[in-house]
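S.K.: So that you have it, the file is query-v7.txt, and it contains compact mmCIF, C-alpha atoms:
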```
# COMPACT_ATOMS: atom_id res chain seq x y z
CA MET A 1 24.23 -1.86 -26.59
CA ASN A 2 27.79 -1.35 -25.44
CA SER A 3 28.96 0.01 -22.12
CA ASP A 4 29.51 3.51 -23.51
CA ALA A 5 25.82 3.57 -24.43
CA THR A 6 24.92 2.33 -20.93
CA THR A 7 26.96 5.08 -19.35
CA ALA A 8 25.42 7.68 -21.64
CA ALA A 9 21.87 6.52 -20.87
CA THR A 10 22.49 6.68 -17.13
CA ALA A 11 24.18 10.07 -17.37
CA ALA A 12 21.02 11.46 -18.98
CA LEU A 13 19.27 11.37 -15.57
CA SER A 14 19.38 14.55 -13.49
CA ASP A 15 20.88 14.43 -10.00
CA ARG A 16 17.41 15.20 -8.70
CA LEU A 17 15.83 12.25 -10.47
CA VAL A 18 18.65 9.96 -9.32
CA GLN A 19 17.89 10.95 -5.72
CA GLN A 20 14.18 10.33 -6.22
CA LEU A 21 14.84 6.89 -7.70
CA ARG A 22 17.11 6.03 -4.79
CA PHE A 23 14.23 6.81 -2.43
CA VAL A 24 11.82 4.76 -4.56
CA ARG A 25 14.19 1.79 -4.27
CA GLU A 26 14.54 2.33 -0.52
CA LEU A 27 10.76 2.21 -0.10
CA ASP A 28 10.86 -1.42 -1.25
CA ARG A 29 12.39 -2.35 2.10
CA LEU A 30 9.20 -1.51 4.01
CA LYS A 31 7.75 -4.70 2.50
CA SER A 32 10.11 -6.66 4.72
CA VAL A 33 9.15 -4.97 8.00
CA LEU A 34 6.79 -7.32 9.80
CA ARG A 35 4.04 -6.18 12.14
CA ARG A 36 2.64 -8.25 14.99
CA THR A 37 -0.76 -8.46 13.33
CA SER A 38 -1.49 -11.21 10.83
CA LEU A 39 -3.53 -11.48 7.67
CA ALA A 40 -7.16 -12.38 8.38
CA ASP A 41 -6.53 -15.98 7.26
CA ARG A 42 -3.57 -16.12 9.67
CA SER A 43 -1.30 -17.45 6.91
CA ARG A 44 1.46 -15.05 7.87
CA ARG A 45 2.23 -11.77 9.60
CA GLU A 46 1.39 -8.55 7.85
CA ASN A 47 4.10 -6.19 6.63
CA SER A 48 4.09 -2.43 7.00
CA ALA A 49 3.88 -1.68 3.25
CA GLU A 50 0.70 -3.67 2.62
CA HIS A 51 -0.68 -2.37 5.94
CA SER A 52 -0.13 1.18 4.66
CA TRP A 53 -2.00 0.37 1.44
CA HIS A 54 -4.85 -1.09 3.45
CA LEU A 55 -5.07 2.09 5.52
CA ALA A 56 -5.01 4.43 2.53
CA THR A 57 -7.74 2.43 0.81
CA MET A 58 -9.73 2.39 4.05
CA ALA A 59 -9.57 6.19 3.99
CA LEU A 60 -11.28 6.10 0.59
CA THR A 61 -13.88 3.68 1.93
CA LEU A 62 -14.59 5.33 5.28
CA GLY A 63 -13.85 8.98 4.52
CA GLU A 64 -17.37 10.07 5.42
CA TYR A 65 -16.62 9.33 9.08
CA ALA A 66 -13.79 11.86 9.28
CA GLU A 67 -14.47 15.23 10.89
CA PRO A 68 -16.28 17.61 8.52
CA GLY A 69 -13.79 19.56 6.46
CA THR A 70 -11.07 16.89 6.61
CA ASP A 71 -8.86 16.91 3.50
CA LEU A 72 -8.97 13.20 2.64
CA ALA A 73 -6.21 13.49 0.05
CA ARG A 74 -3.83 14.75 2.73
CA ALA A 75 -4.99 12.09 5.19
CA ILE A 76 -4.06 9.53 2.53
CA GLU A 77 -0.62 11.12 2.12
CA LEU A 78 -0.08 10.83 5.88
CA LEU A 79 -1.05 7.16 5.76
CA LEU A 80 1.24 6.40 2.81
CA VAL A 81 4.19 7.96 4.64
CA HIS A 82 3.47 7.17 8.29
CA ASP A 83 5.38 3.88 8.56
CA VAL A 84 8.33 4.57 6.23
CA VAL A 85 10.58 5.22 9.23
CA GLU A 86 10.13 1.56 10.18
CA ILE A 87 12.58 0.67 7.42
CA ASP A 88 15.26 1.59 9.97
CA ALA A 89 13.36 1.63 13.26
CA GLY A 90 11.30 -1.54 12.84
CA ASP A 91 7.70 -1.98 13.91
CA THR A 92 7.16 -1.31 17.61
CA PHE A 93 4.46 -3.49 19.13
CA ALA A 94 1.74 -1.39 20.69
CA PHE A 95 1.68 -3.30 23.96
CA ASP A 96 5.50 -3.47 24.44
CA ALA A 97 6.25 -0.72 26.97
CA ALA A 98 10.04 -1.14 26.86
CA ALA A 99 10.26 -0.88 23.07
CA ASN A 100 7.98 2.15 23.13
CA ALA A 101 10.33 3.99 25.50
CA ASP A 102 12.91 4.75 22.79
CA LYS A 103 10.55 4.55 19.81
CA ALA A 104 10.54 8.30 19.19
CA ALA A 105 14.33 8.59 19.14
CA ARG A 106 14.74 5.60 16.82
CA GLU A 107 12.09 6.84 14.44
CA THR A 108 13.39 10.40 14.33
CA ALA A 109 16.85 9.17 13.35
CA ALA A 110 15.22 6.99 10.70
CA ALA A 111 13.25 9.94 9.31
CA GLU A 112 16.46 11.98 9.02
CA ARG A 113 18.22 9.29 7.03
CA ILE A 114 15.41 7.99 4.84
CA PHE A 115 13.67 11.24 3.90
CA GLY A 116 17.18 12.70 3.57
CA LEU A 117 17.67 10.54 0.49
CA LEU A 118 15.25 12.87 -1.31
CA PRO A 119 15.96 16.32 -2.80
CA ASP A 120 15.56 18.94 -0.04
CA ASP A 121 12.09 20.17 -0.97
CA LEU A 122 10.66 16.65 -1.11
CA ALA A 123 12.51 15.63 2.04
CA ARG A 124 10.84 18.52 3.87
CA GLN A 125 7.43 17.59 2.44
CA PHE A 126 7.68 13.93 3.45
CA ARG A 127 9.03 14.85 6.86
CA ALA A 128 6.18 17.32 7.37
CA ARG A 129 3.65 14.59 6.57
CA TRP A 130 5.26 12.19 9.02
CA ASP A 131 5.51 14.86 11.73
CA GLU A 132 1.86 15.73 11.18
CA PHE A 133 0.80 12.10 11.53
CA GLU A 134 2.83 11.70 14.71
CA ALA A 135 1.56 14.90 16.30
CA GLY A 136 -2.10 13.97 15.80
CA GLU A 137 -3.19 17.60 15.96
CA THR A 138 -4.96 18.13 12.62
CA PRO A 139 -8.27 16.56 11.53
CA GLU A 140 -6.34 14.69 8.81
CA SER A 141 -3.89 13.29 11.34
CA ARG A 142 -6.61 12.38 13.82
CA PHE A 143 -8.49 10.50 11.10
CA ALA A 144 -5.33 8.77 9.88
CA ASN A 145 -4.43 7.69 13.40
CA ALA A 146 -7.99 6.44 13.95
CA LEU A 147 -7.73 4.25 10.85
CA ASP A 148 -4.33 2.95 11.93
CA ARG A 149 -5.89 1.66 15.15
CA LEU A 150 -9.05 0.47 13.42
CA GLN A 151 -7.11 -1.65 10.93
CA ALA A 152 -5.35 -3.55 13.72
CA LEU A 153 -8.72 -4.13 15.37
CA VAL A 154 -10.23 -5.36 12.09
CA GLN A 155 -7.31 -7.76 11.60
CA ASN A 156 -7.60 -9.12 15.13
CA ASP A 157 -11.37 -9.40 14.87
CA ALA A 158 -11.44 -10.96 11.39
CA GLY A 159 -9.55 -14.10 12.34
CA GLY A 160 -12.01 -15.04 15.07
CA ASP A 161 -9.12 -16.07 17.33
CA GLY A 162 -8.35 -12.83 19.15
CA GLY A 163 -5.14 -12.25 17.15
CA THR A 164 -2.46 -10.30 18.99
CA TRP A 165 -4.84 -9.54 21.84
CA ARG A 166 -5.20 -13.16 22.87
CA ALA A 167 -1.61 -14.03 21.98
CA ASN A 168 -0.38 -11.34 24.38
CA GLY A 169 -2.99 -11.65 27.11
CA VAL A 170 -4.18 -8.10 26.59
CA THR A 171 -7.03 -6.85 28.77
CA ARG A 172 -10.27 -5.35 27.54
CA GLU A 173 -9.33 -2.06 29.18
CA ALA A 174 -5.94 -1.99 27.43
CA VAL A 175 -7.60 -2.56 24.06
CA LEU A 176 -10.09 0.23 24.68
CA ARG A 177 -7.31 2.60 25.76
CA ARG A 178 -5.31 1.68 22.66
CA MET A 179 -8.34 2.39 20.46
CA GLU A 180 -8.98 5.81 22.03
CA PRO A 181 -7.69 7.62 18.87
CA ILE A 182 -10.75 6.23 17.07
CA ARG A 183 -13.09 7.89 19.56
CA ASN A 184 -11.02 11.04 19.08
CA GLY A 185 -10.50 11.02 15.28
CA ALA A 186 -13.56 9.23 13.94
CA PRO A 187 -16.13 9.00 16.74
CA ALA A 188 -18.77 7.60 14.38
CA LEU A 189 -16.57 4.47 14.11
CA TRP A 190 -16.38 3.93 17.87
CA PRO A 191 -19.31 1.45 17.78
CA VAL A 192 -17.12 -0.75 15.55
CA VAL A 193 -14.62 -0.92 18.40
CA LEU A 194 -17.28 -1.67 20.99
CA ALA A 195 -18.75 -4.47 18.85
CA ALA A 196 -15.35 -6.09 18.19
CA VAL A 197 -14.30 -5.84 21.82
CA ALA A 198 -17.65 -7.27 22.92
CA ARG A 199 -17.12 -10.25 20.61
CA ALA A 200 -13.55 -10.74 21.79
CA THR A 201 -14.56 -10.47 25.43
CA ALA A 202 -17.45 -12.91 25.05
CA ALA A 203 -15.13 -15.37 23.33
CA GLY A 204 -12.50 -14.99 26.07
CA HIS A 205 -9.94 -13.53 23.63
CA VAL A 206 -9.33 -10.46 25.76
CA ARG A 207 -9.06 -10.62 29.52
CA GLU A 208 -11.52 -8.72 31.63
CA GLU A 209 -9.84 -7.04 34.59
CA ARG A 210 -11.59 -7.27 37.94
CA GLY A 211 -10.81 -5.11 40.93
CA ALA A 212 -8.18 -2.43 41.47
CA ASP A 213 -5.37 -4.80 42.47
CA GLY A 214 -4.64 -5.78 38.88
CA ALA A 215 -6.03 -9.29 39.26
CA THR A 216 -7.70 -10.39 36.09
CA GLY A 217 -10.32 -12.89 35.14
CA VAL A 218 -13.09 -13.45 32.67
CA THR A 219 -16.46 -12.66 34.15
CA GLY A 220 -19.90 -13.31 32.80
CA ALA A 221 -21.19 -9.83 33.54
CA MET B 1 -19.88 -8.76 28.80
CA ASN B 2 -22.59 -11.26 28.03
CA SER B 3 -23.92 -12.31 24.64
CA ASP B 4 -26.87 -9.91 24.85
CA ALA B 5 -24.37 -7.09 25.16
CA THR B 6 -22.40 -8.45 22.17
CA THR B 7 -25.54 -8.56 20.07
CA ALA B 8 -26.49 -5.05 21.10
CA ALA B 9 -23.04 -3.68 20.29
CA THR B 10 -23.09 -5.24 16.82
CA ALA B 11 -26.64 -4.09 16.15
CA ALA B 12 -25.53 -0.51 16.75
CA LEU B 13 -23.74 -0.51 13.36
CA SER B 14 -25.70 0.79 10.39
CA ASP B 15 -26.21 -1.46 7.37
CA ARG B 16 -24.05 0.97 5.43
CA LEU B 17 -21.16 0.69 7.85
CA VAL B 18 -21.46 -3.11 7.92
CA GLN B 19 -21.09 -3.12 4.12
CA GLN B 20 -18.07 -0.83 4.30
CA LEU B 21 -16.42 -3.03 6.92
CA ARG B 22 -17.05 -6.13 4.81
CA PHE B 23 -15.20 -4.43 1.95
CA VAL B 24 -12.36 -3.41 4.29
CA ARG B 25 -12.00 -7.07 5.33
CA GLU B 26 -12.12 -8.20 1.70
CA LEU B 27 -9.24 -5.84 0.84
CA ASP B 28 -7.01 -7.89 3.13
CA ARG B 29 -7.00 -10.66 0.52
CA LEU B 30 -5.02 -8.57 -1.97
CA LYS B 31 -2.01 -9.15 0.29
CA SER B 32 -2.08 -12.80 -0.80
CA VAL B 33 -2.08 -12.13 -4.55
CA LEU B 34 1.48 -12.65 -5.78
CA ARG B 35 2.99 -10.81 -8.72
CA ARG B 36 5.78 -12.16 -10.86
CA THR B 37 8.15 -9.43 -9.73
CA SER B 38 10.21 -9.88 -6.57
CA LEU B 39 11.43 -7.62 -3.82
CA ALA B 40 14.73 -5.98 -4.68
CA ASP B 41 16.59 -8.39 -2.37
CA ARG B 42 14.88 -11.29 -4.16
CA SER B 43 13.80 -12.79 -0.81
CA ARG B 44 10.29 -13.41 -2.13
CA ARG B 45 7.75 -12.36 -4.73
CA GLU B 46 5.92 -9.12 -4.30
CA ASN B 47 2.18 -9.02 -3.56
CA SER B 48 -0.31 -6.68 -5.16
CA ALA B 49 -1.18 -4.81 -1.94
CA GLU B 50 2.38 -3.73 -1.13
CA HIS B 51 2.94 -3.05 -4.84
CA SER B 52 -0.05 -0.67 -4.76
CA TRP B 53 1.40 1.14 -1.75
CA HIS B 54 4.73 1.44 -3.52
CA LEU B 55 3.00 3.00 -6.54
CA ALA B 56 0.96 5.48 -4.51
CA THR B 57 4.05 6.59 -2.63
CA MET B 58 5.96 6.85 -5.91
CA ALA B 59 3.24 9.24 -7.09
CA LEU B 60 4.07 11.47 -4.12
CA THR B 61 7.77 11.21 -4.94
CA LEU B 62 7.62 11.66 -8.71
CA GLY B 63 4.49 13.80 -9.10
CA GLU B 64 6.41 16.62 -10.79
CA TYR B 65 6.87 14.38 -13.86
CA ALA B 66 3.13 14.05 -14.50
CA GLU B 67 1.54 16.18 -17.22
CA PRO B 68 0.90 19.77 -16.05
CA GLY B 69 -2.51 20.03 -14.42
CA THR B 70 -2.62 16.39 -13.31
CA ASP B 71 -4.64 15.91 -10.10
CA LEU B 72 -2.16 13.86 -8.10
CA ALA B 73 -4.69 13.02 -5.39
CA ARG B 74 -6.90 11.33 -7.98
CA ALA B 75 -3.91 9.57 -9.55
CA ILE B 76 -3.20 8.16 -6.09
CA GLU B 77 -6.81 6.99 -5.76
CA LEU B 78 -6.50 5.19 -9.09
CA LEU B 79 -3.32 3.49 -7.90
CA LEU B 80 -4.85 2.41 -4.59
CA VAL B 81 -7.77 0.81 -6.41
CA HIS B 82 -6.21 -0.44 -9.66
CA ASP B 83 -5.32 -3.97 -8.54
CA VAL B 84 -8.23 -4.75 -6.19
CA VAL B 85 -9.88 -6.86 -8.90
CA GLU B 86 -6.93 -9.26 -8.63
CA ILE B 87 -8.47 -10.60 -5.41
CA ASP B 88 -10.67 -12.67 -7.73
CA ALA B 89 -8.89 -12.44 -11.08
CA GLY B 90 -5.31 -12.96 -9.93
CA ASP B 91 -2.26 -11.16 -11.26
CA THR B 92 -1.82 -11.58 -15.00
CA PHE B 93 1.81 -11.68 -16.05
CA ALA B 94 2.54 -8.97 -18.60
CA PHE B 95 4.33 -11.28 -21.01
CA ASP B 96 1.79 -14.15 -20.87
CA ALA B 97 -0.28 -13.73 -24.06
CA ALA B 98 -2.72 -16.56 -23.29
CA ALA B 99 -3.59 -15.25 -19.82
CA ASN B 100 -4.02 -11.74 -21.20
CA ALA B 101 -6.63 -12.93 -23.71
CA ASP B 102 -9.38 -13.27 -21.09
CA LYS B 103 -7.95 -10.82 -18.56
CA ALA B 104 -10.58 -8.13 -19.23
CA ALA B 105 -13.52 -10.51 -18.77
CA ARG B 106 -12.08 -11.98 -15.54
CA GLU B 107 -11.35 -8.56 -14.11
CA THR B 108 -14.73 -7.09 -15.01
CA ALA B 109 -16.51 -9.92 -13.20
CA ALA B 110 -14.21 -9.34 -10.23
CA ALA B 111 -15.00 -5.61 -10.20
CA GLU B 112 -18.73 -6.37 -10.15
CA ARG B 113 -18.43 -8.67 -7.17
CA ILE B 114 -15.84 -6.88 -5.08
CA PHE B 115 -16.92 -3.26 -5.51
CA GLY B 116 -20.49 -4.60 -5.21
CA LEU B 117 -19.79 -5.30 -1.54
CA LEU B 118 -19.89 -1.54 -0.98
CA PRO B 119 -22.96 0.72 -0.66
CA ASP B 120 -24.06 1.78 -4.15
CA ASP B 121 -22.54 5.26 -4.16
CA LEU B 122 -19.15 3.99 -3.05
CA ALA B 123 -19.36 1.00 -5.40
CA ARG B 124 -19.86 3.43 -8.29
CA GLN B 125 -16.98 5.61 -7.12
CA PHE B 126 -14.51 2.72 -6.80
CA ARG B 127 -15.66 1.25 -10.11
CA ALA B 128 -15.20 4.64 -11.80
CA ARG B 129 -11.62 4.86 -10.50
CA TRP B 130 -10.82 1.38 -11.76
CA ASP B 131 -12.44 2.05 -15.15
CA GLU B 132 -10.50 5.29 -15.42
CA PHE B 133 -7.22 3.53 -14.67
CA GLU B 134 -7.95 0.82 -17.24
CA ALA B 135 -9.01 3.26 -19.97
CA GLY B 136 -5.83 5.30 -19.70
CA GLU B 137 -7.47 8.36 -21.18
CA THR B 138 -7.02 11.02 -18.49
CA PRO B 139 -3.73 12.60 -17.39
CA GLU B 140 -4.22 10.97 -13.97
CA SER B 141 -4.68 7.57 -15.54
CA ARG B 142 -1.76 8.00 -17.91
CA PHE B 143 0.50 8.96 -15.02
CA ALA B 144 -0.78 6.08 -12.87
CA ASN B 145 -0.19 3.59 -15.67
CA ALA B 146 3.28 5.01 -16.25
CA LEU B 147 4.16 4.44 -12.59
CA ASP B 148 2.75 0.91 -12.71
CA ARG B 149 5.19 0.06 -15.49
CA LEU B 150 8.04 2.00 -13.91
CA GLN B 151 7.75 0.14 -10.62
CA ALA B 152 8.15 -3.23 -12.36
CA LEU B 153 11.19 -1.87 -14.16
CA VAL B 154 12.67 -0.54 -10.90
CA GLN B 155 12.15 -3.94 -9.23
CA ASN B 156 13.75 -5.80 -12.12
CA ASP B 157 16.63 -3.33 -12.31
CA ALA B 158 17.26 -3.14 -8.56
CA GLY B 159 18.16 -6.80 -8.12
CA GLY B 160 20.95 -6.65 -10.70
CA ASP B 161 19.87 -10.04 -12.07
CA GLY B 162 17.35 -9.06 -14.73
CA GLY B 163 14.40 -10.20 -12.62
CA THR B 164 11.38 -11.36 -14.62
CA TRP B 165 12.96 -10.20 -17.87
CA ARG B 166 15.81 -12.66 -17.65
CA ALA B 167 13.71 -15.38 -16.04
CA ASN B 168 11.32 -15.27 -19.00
CA GLY B 169 13.78 -14.60 -21.82
CA VAL B 170 12.14 -11.30 -22.67
CA THR B 171 13.63 -9.27 -25.52
CA ARG B 172 14.78 -5.69 -25.32
CA GLU B 173 12.08 -4.72 -27.82
CA ALA B 174 9.36 -6.38 -25.73
CA VAL B 175 10.49 -4.50 -22.64
CA LEU B 176 10.48 -1.19 -24.48
CA ARG B 177 7.00 -1.88 -25.90
CA ARG B 178 5.78 -2.82 -22.41
CA MET B 179 7.20 0.45 -21.04
CA GLU B 180 5.54 2.59 -23.71
CA PRO B 181 2.94 3.94 -21.20
CA ILE B 182 5.84 5.71 -19.48
CA ARG B 183 6.73 7.57 -22.67
CA ASN B 184 3.03 8.37 -22.98
CA GLY B 185 2.16 9.27 -19.39
CA ALA B 186 5.40 10.63 -17.94
CA PRO B 187 7.78 11.29 -20.83
CA ALA B 188 10.31 12.95 -18.53
CA LEU B 189 10.82 9.51 -16.94
CA TRP B 190 11.56 7.77 -20.24
CA PRO B 191 15.34 8.18 -19.73
CA VAL B 192 14.97 5.99 -16.62
CA VAL B 193 13.66 3.22 -18.87
CA LEU B 194 16.45 3.70 -21.40
CA ALA B 195 19.09 3.58 -18.68
CA ALA B 196 17.69 0.43 -17.06
CA VAL B 197 17.24 -1.33 -20.38
CA ALA B 198 20.76 -0.36 -21.39
CA ARG B 199 22.10 -1.89 -18.18
CA ALA B 200 20.02 -5.03 -18.63
CA THR B 201 21.08 -5.40 -22.25
CA ALA B 202 24.76 -4.88 -21.48
CA ALA B 203 24.52 -7.50 -18.73
CA GLY B 204 22.76 -9.96 -21.04
CA HIS B 205 19.60 -9.93 -18.90
CA VAL B 206 17.35 -9.05 -21.81
CA ARG B 207 17.77 -10.62 -25.23
CA GLU B 208 18.52 -8.40 -28.16
CA GLU B 209 16.58 -9.45 -31.25
CA ARG B 210 18.44 -9.52 -34.55
CA GLY B 211 16.78 -9.65 -37.94
CA ALA B 212 13.13 -9.74 -38.98
CA ASP B 213 12.71 -13.51 -38.72
CA GLY B 214 12.28 -13.45 -34.97
CA ALA B 215 15.64 -15.07 -34.30
CA THR B 216 17.20 -13.64 -31.19
CA GLY B 217 20.66 -13.29 -29.84
CA VAL B 218 22.76 -11.06 -27.69
CA THR B 219 24.93 -8.77 -29.75
CA GLY B 220 27.69 -6.47 -28.71
CA ALA B 221 26.53 -3.58 -30.84
```
Hey, can you dump this file as structure tokens for me?
M.R.:
Amino acid sequence: MNSDATTAATAALSDRLVQQLRFVRELDRLKSVLRRTSLADRSRRENSAEHSWHLATMALTLGEYAEPGTDLARAIELLLVHDVVEIDAGDTFAFDAAANADKAARETAAAERIFGLLPDDLARQFRARWDEFEAGETPESRFANALDRLQALVQNDAGGDGGTWRANGVTREAVLRRMEPIRNGAPALWPVVLAAVARATAAGHVREERGADGATGVTGA
Amino acid sequence: MNSDATTAATAALSDRLVQQLRFVRELDRLKSVLRRTSLADRSRRENSAEHSWHLATMALTLGEYAEPGTDLARAIELLLVHDVVEIDAGDTFAFDAAANADKAARETAAAERIFGLLPDDLARQFRARWDEFEAGETPESRFANALDRLQALVQNDAGGDGGTWRANGVTREAVLRRMEPIRNGAPALWPVVLAAVARATAAGHVREERGADGATGVTGA
């Protein structure tokens, strides 16, 4: 095939389809955004693309624990889209207060650019899904956010070494606060949190705070 | 928290939920199954978990090119599930005839074991999704299979180096045959294939067969 034929074949694509393909190529970059959490075998850190797949497939597996009436298909859409902004904004570690201070601004700018690659109607649809996830105000969003927290807990628990909790000296109370969206969005899964935190506490992988002065220590009680 | 409390917290989980969580942990292993295709920046090979996320998000992006009446939510379910069997069976390279000979048997055994971790009703549901994807007989399955092929093409095309096509000396005709599910399941996307193959042919990244004797060579015509 000569270059005239190449040009002709490319020209056959509509502007709309060219925009969609540009977005599809951009999505590939989420595979290079590393999270703090690791694979269960601790061979490497997890990336945000495979994390998003894990969450969406968890929604299929655990859908019965969502609030009655939750549209699981839309919850899955939220999960597929929820981390795309990290292509520009990076993953922000849950327990890093400084990085979380400007997280919203960084991610909003990222949403403008990345979803802006799409034709207007699709850009609005993707943006609406991301906004819905972030707001946490619908049953679908509450369930999606619950799974997002649960997956990190499962990854930390699965390795038997405390994962990011131990590595960062996180307290039991901080873990439970962080997991609060599970109690909110999928209360039937809250016992999973309590069991994992009990294991991690017993193993000394999360610190148990004692007293109101912020002093910490592992206690037997 | 003492070990009695740990035991009590774990015992609070139903057998059903314990099975579901075991499956959720098993899913993590798909992140370690490597495909032949690479990320667009060629920094590393792609794994089947992030590939599955890419496909599901492509379905959201390109859904308008599915056959009219296609249930996109179910197409996304098929895509989330379609590679889970690779946890046991591994990724089988499209152009490896020997490995493809026993692919079905390996993958069926994998489906039995992996989906069998789930409670029976969910095991049947996941197995049905995988069977539907493999059979390619519904609009949802045809669209899902089309995207599966398209994503490999996009990855090969994006790097500008011919990717697995060039690395394996694949012919133009073999690529077009491999992409046939796109013409079948999302014919409006077939021009994307023609454009990418035209680029790859012009660049010498796919071989152009000449004559009926199987001899190959790059031609200018």
S.K.: Here is a test: counting only C-alpha atoms, which residue of A:Thr138, A:Thr70, A:Thr57, A:Gln19 is nearest to chain B?
M.R.: A:Thr57
S.K.: To one decimal place, how far is CA of Ala59 in chain A from CA of Asp28 in chain B in Å?
M.R.: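 A separation of 14.3 Å between them.
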S.K.: Could you tell me how far CA of His82 in chain B sits from CA of Arg149 in chain B, in Å to one decimal place?
M.R.: 12.8 Å
S.K.: As an MDAnalysis selection string, please: the residues near Arg22 in chain B (cut-off 7 Å, only C-alpha atoms, same-chain neighbours under 4 positions excluded).
M.R.: chainID B and resid 18 26 117
S.K.: Which polymer residues, whether protein, DNA or RNA, lie within 10 Å of the coordinate (10.2, 13.3, -7.2) when you count all atoms listed in the file? List them as a PyMOL selection string, using the chain letters and numbers from the file.
M.R.: (chain A and resi 16-21+23-24+118-119+121-123) or (chain B and resi 58-65)
S.K.: Would you kindly return, as a list in words, each protein, DNA or RNA residue with an atom no farther than 10 Å from any atom of Ala144 in chain A, considering all atoms listed in the file and excluding same-chain residues fewer than 4 positions away?
M.R.: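 After dropping sequence-adjacent residues, the list is Leu55, Ala56, Met58, Ala59, Ala66, Leu72, Arg74, Ala75, Ile76, Glu77, Leu78, Leu79, Leu80, His82, Phe133, Glu134, Gly136, Thr138, Pro139, Glu140, Asp148, Arg149, Leu150, Pro181, Ile182, Gly185 and Ala186 of chain A.
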S.K.: For each of B:Gly116, B:Gly159, B:Pro191, B:Gly204, take the minimum atom-to-atom distance to chain A, counting all atoms listed in the file, then give the residue where this is smallest.
M.R.: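 Going through B:Gly116, B:Gly159, B:Pro191, B:Gly204 one by one, the smallest distance to chain A is for B:Pro191.
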S.K.: As a PyMOL selection string, please: the residues near Val193 in chain A (cut-off 8 Å, all atoms listed in the file, same-chain neighbours under 6 positions excluded).
M.R.: chain A and resi 150+153+176+179
